[in-house]
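Asks: If it helps, the file is called protein38.txt and holds compact mmCIF, N, CA and C atoms:
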# COMPACT_ATOMS: atom_id res chain seq x y z
N MET A 1 -64.67 29.59 79.75
CA MET A 1 -64.38 30.95 79.41
C MET A 1 -64.44 31.79 80.66
N ARG A 2 -63.42 32.58 80.87
CA ARG A 2 -63.43 33.47 82.03
C ARG A 2 -64.38 34.63 81.76
N ILE A 3 -65.21 34.92 82.74
CA ILE A 3 -66.12 36.06 82.63
C ILE A 3 -66.09 36.85 83.93
N GLY A 4 -66.63 38.04 83.89
CA GLY A 4 -66.71 38.86 85.09
C GLY A 4 -65.36 39.36 85.56
N ARG A 5 -65.16 39.36 86.87
CA ARG A 5 -63.94 39.91 87.46
C ARG A 5 -62.69 39.12 87.10
N ILE A 6 -62.82 37.84 86.80
CA ILE A 6 -61.62 37.03 86.50
C ILE A 6 -61.31 36.98 85.01
N LYS A 7 -62.02 37.75 84.18
CA LYS A 7 -61.85 37.70 82.73
C LYS A 7 -60.40 37.90 82.30
N ASP A 8 -59.72 38.89 82.83
CA ASP A 8 -58.37 39.22 82.40
C ASP A 8 -57.30 38.78 83.39
N THR A 9 -57.57 37.72 84.13
CA THR A 9 -56.60 37.22 85.11
C THR A 9 -56.06 35.86 84.68
N ASN A 10 -55.10 35.36 85.42
CA ASN A 10 -54.54 34.03 85.17
C ASN A 10 -54.88 33.07 86.31
N ILE A 11 -55.98 33.29 86.97
CA ILE A 11 -56.41 32.44 88.08
C ILE A 11 -56.72 31.04 87.57
N HIS A 12 -56.22 30.02 88.27
CA HIS A 12 -56.51 28.62 87.94
C HIS A 12 -57.47 28.09 88.99
N LEU A 13 -58.72 27.86 88.56
CA LEU A 13 -59.74 27.39 89.49
C LEU A 13 -59.75 25.87 89.63
N ASN A 14 -59.26 25.17 88.63
CA ASN A 14 -59.29 23.72 88.65
C ASN A 14 -57.89 23.21 88.28
N ASN A 15 -57.12 22.80 89.25
CA ASN A 15 -55.75 22.34 89.00
C ASN A 15 -55.64 20.85 88.77
N THR A 16 -56.76 20.11 88.82
CA THR A 16 -56.70 18.66 88.73
C THR A 16 -56.84 18.13 87.30
N SER A 17 -57.14 18.99 86.34
CA SER A 17 -57.33 18.51 84.97
C SER A 17 -56.57 19.39 83.98
N ASN A 18 -56.46 18.90 82.76
CA ASN A 18 -55.81 19.64 81.68
C ASN A 18 -56.84 20.56 81.03
N PHE A 19 -57.17 21.63 81.68
CA PHE A 19 -58.21 22.54 81.22
C PHE A 19 -57.60 23.85 80.81
N GLN A 20 -57.87 24.31 79.59
CA GLN A 20 -57.33 25.56 79.07
C GLN A 20 -58.40 26.64 79.13
N TRP A 21 -58.16 27.70 79.87
CA TRP A 21 -59.08 28.84 79.94
C TRP A 21 -58.88 29.73 78.73
N THR A 22 -59.94 30.40 78.31
CA THR A 22 -59.86 31.37 77.22
C THR A 22 -60.66 32.61 77.58
N SER A 23 -60.23 33.73 77.10
CA SER A 23 -60.98 34.96 77.26
C SER A 23 -61.37 35.53 75.90
N SER A 24 -61.03 34.82 74.84
CA SER A 24 -61.24 35.38 73.51
C SER A 24 -62.57 34.98 72.86
N HIS A 25 -62.96 33.71 72.95
CA HIS A 25 -64.19 33.29 72.27
C HIS A 25 -64.72 32.00 72.88
N ALA A 26 -65.99 31.75 72.65
CA ALA A 26 -66.63 30.52 73.08
C ALA A 26 -67.85 30.27 72.21
N LYS A 27 -68.17 29.02 71.99
CA LYS A 27 -69.38 28.66 71.26
C LYS A 27 -70.44 28.25 72.27
N THR A 28 -71.65 28.69 72.03
CA THR A 28 -72.74 28.36 72.94
C THR A 28 -73.89 27.74 72.17
N LEU A 29 -74.75 27.04 72.88
CA LEU A 29 -75.96 26.50 72.30
C LEU A 29 -77.12 27.42 72.60
N ALA A 30 -78.07 27.48 71.70
CA ALA A 30 -79.26 28.28 71.91
C ALA A 30 -80.35 27.39 72.50
N PHE A 31 -81.01 27.87 73.54
CA PHE A 31 -82.09 27.12 74.18
C PHE A 31 -83.39 27.90 74.05
N THR A 32 -84.45 27.21 73.61
CA THR A 32 -85.78 27.82 73.53
C THR A 32 -86.80 26.79 74.00
N ASN A 33 -88.04 27.22 74.12
CA ASN A 33 -89.12 26.29 74.49
C ASN A 33 -89.57 25.44 73.32
N ASP A 34 -89.26 25.86 72.11
CA ASP A 34 -89.67 25.16 70.90
C ASP A 34 -88.51 24.31 70.39
N VAL A 35 -88.70 23.00 70.36
CA VAL A 35 -87.64 22.08 69.96
C VAL A 35 -87.20 22.32 68.52
N SER A 36 -88.14 22.60 67.64
CA SER A 36 -87.77 22.83 66.24
C SER A 36 -86.93 24.10 66.09
N SER A 37 -87.18 25.10 66.91
CA SER A 37 -86.37 26.32 66.88
C SER A 37 -84.96 26.03 67.36
N MET A 38 -84.83 25.22 68.40
CA MET A 38 -83.50 24.86 68.90
C MET A 38 -82.72 24.11 67.85
N THR A 39 -83.38 23.20 67.16
CA THR A 39 -82.73 22.44 66.10
C THR A 39 -82.26 23.39 65.00
N GLU A 40 -83.13 24.31 64.62
CA GLU A 40 -82.79 25.27 63.58
C GLU A 40 -81.59 26.13 63.98
N LEU A 41 -81.58 26.62 65.21
CA LEU A 41 -80.52 27.52 65.67
C LEU A 41 -79.19 26.81 65.91
N ASN A 42 -79.23 25.57 66.39
CA ASN A 42 -78.01 24.87 66.78
C ASN A 42 -77.44 23.96 65.69
N LEU A 43 -78.29 23.28 64.96
CA LEU A 43 -77.82 22.29 64.00
C LEU A 43 -77.73 22.80 62.57
N LYS A 44 -78.56 23.74 62.20
CA LYS A 44 -78.58 24.22 60.82
C LYS A 44 -77.22 24.74 60.36
N PRO A 45 -76.50 25.56 61.17
CA PRO A 45 -75.17 26.00 60.73
C PRO A 45 -74.19 24.84 60.52
N LEU A 46 -74.26 23.82 61.36
CA LEU A 46 -73.38 22.66 61.22
C LEU A 46 -73.71 21.86 59.96
N ILE A 47 -74.99 21.69 59.70
CA ILE A 47 -75.41 20.95 58.51
C ILE A 47 -74.98 21.69 57.25
N ASN A 48 -75.16 23.01 57.25
CA ASN A 48 -74.74 23.80 56.09
C ASN A 48 -73.24 23.72 55.87
N SER A 49 -72.47 23.71 56.95
CA SER A 49 -71.02 23.59 56.83
C SER A 49 -70.63 22.24 56.25
N MET A 50 -71.30 21.18 56.69
CA MET A 50 -71.02 19.85 56.15
C MET A 50 -71.40 19.76 54.68
N LYS A 51 -72.53 20.37 54.30
CA LYS A 51 -72.93 20.36 52.90
C LYS A 51 -71.90 21.07 52.03
N HIS A 52 -71.38 22.17 52.53
CA HIS A 52 -70.36 22.92 51.80
C HIS A 52 -69.10 22.06 51.61
N CYS A 53 -68.70 21.36 52.65
CA CYS A 53 -67.53 20.49 52.57
C CYS A 53 -67.77 19.37 51.56
N LEU A 54 -68.94 18.75 51.59
CA LEU A 54 -69.24 17.67 50.66
C LEU A 54 -69.29 18.16 49.21
N CYS A 55 -69.79 19.37 49.00
CA CYS A 55 -69.82 19.93 47.65
C CYS A 55 -68.41 20.15 47.12
N SER A 56 -67.50 20.57 47.99
CA SER A 56 -66.12 20.76 47.55
C SER A 56 -65.46 19.43 47.21
N TRP A 57 -65.84 18.36 47.89
CA TRP A 57 -65.29 17.05 47.59
C TRP A 57 -65.72 16.58 46.20
N LYS A 58 -66.93 16.93 45.78
CA LYS A 58 -67.41 16.51 44.47
C LYS A 58 -66.52 17.07 43.37
N LYS A 59 -66.00 18.25 43.55
CA LYS A 59 -65.14 18.89 42.56
C LYS A 59 -63.80 18.17 42.41
N TRP A 60 -63.34 17.52 43.47
CA TRP A 60 -62.00 16.94 43.47
C TRP A 60 -61.96 15.51 42.96
N ASN A 61 -63.10 14.88 42.74
CA ASN A 61 -63.16 13.49 42.29
C ASN A 61 -62.34 12.56 43.18
N LEU A 62 -62.54 12.65 44.47
CA LEU A 62 -61.81 11.82 45.42
C LEU A 62 -62.44 10.44 45.52
N SER A 63 -61.58 9.43 45.72
CA SER A 63 -62.08 8.08 45.98
C SER A 63 -62.61 8.03 47.41
N LEU A 64 -63.35 6.98 47.71
CA LEU A 64 -63.90 6.81 49.05
C LEU A 64 -62.79 6.79 50.10
N VAL A 65 -61.70 6.10 49.80
CA VAL A 65 -60.56 6.00 50.73
C VAL A 65 -60.00 7.40 51.02
N LYS A 66 -59.83 8.22 49.98
CA LYS A 66 -59.29 9.56 50.16
C LYS A 66 -60.25 10.45 50.95
N LYS A 67 -61.56 10.26 50.73
CA LYS A 67 -62.54 11.05 51.50
C LYS A 67 -62.46 10.72 52.97
N VAL A 68 -62.26 9.44 53.30
CA VAL A 68 -62.14 9.03 54.70
C VAL A 68 -60.87 9.58 55.31
N GLN A 69 -59.77 9.58 54.55
CA GLN A 69 -58.51 10.12 55.04
C GLN A 69 -58.55 11.62 55.21
N PHE A 70 -59.29 12.29 54.35
CA PHE A 70 -59.34 13.75 54.33
C PHE A 70 -60.18 14.21 55.48
Show the structure stored in the file as C-alpha cells.
Replies:
Amino acid sequence: MRIGRIKDTNIHLNNTSNFQWTSSHAKTLAFTNDVSSMTELNLKPLINSMKHCLCSWKKWNLSLVKKVQF
C-alpha cells in the first residue's frame, strides 16, 4: 500500500515482480504482548466468517462433493 508522499502517485518501486500497488485499502494484523489477545483480534473474525459460511451450507443440503466444489 502506498503511504506518505507516494500515496497518490504511480511510482513503481519494484519492477522485477508482478506487484500491484493500492491506495484504497489494506488488511493488517494486530500485534500485542499477549498471545491470546492477538489470537482474538486476528483469528476471531476469520473463524466467525467461516462459521457463517458453514451455517449457510446447512440450509442448502449440499453433498460433500458440492461443498468441496463450492
Asks: Quick check, in Å to one decimal: how far apart do atom CA of A:Leu43 and atom CA of A:Lys59 lie?
Replies: 25.1 Å
Asks: What does the distance between atom CA of A:Leu54 and atom CA of A:Val68 come to in Å, to one decimal place?
Replies: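 Computing the Euclidean distance for atom CA of A:Leu54 and atom CA of A:Val68 yields 11.9 Å.
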Asks: Compile the contact shell of A:Lys67 as JSON, numbers by chain: residues with an atom at most 12 Å away, counting only C-alpha atoms, same-chain residues fewer than 2 positions apart removed.
Replies: {"A": [53, 54, 56, 57, 58, 60, 61, 62, 63, 64, 65, 69, 70]}
Asks: Could you tell me how far atom N of A:Met50 sits from atom N of A:Met38, in Å to one decimal place?
Replies: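 It comes out at 18.3 Å.
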Asks: Counting only N, CA and C atoms, find the residues whose atoms lie at most 6 Å from (-77.7, 27.7, 70.0) (file coordinates) and write them out as JSON, numbers by chain.
Replies: {"A": [28, 29, 30, 31, 41, 42]}
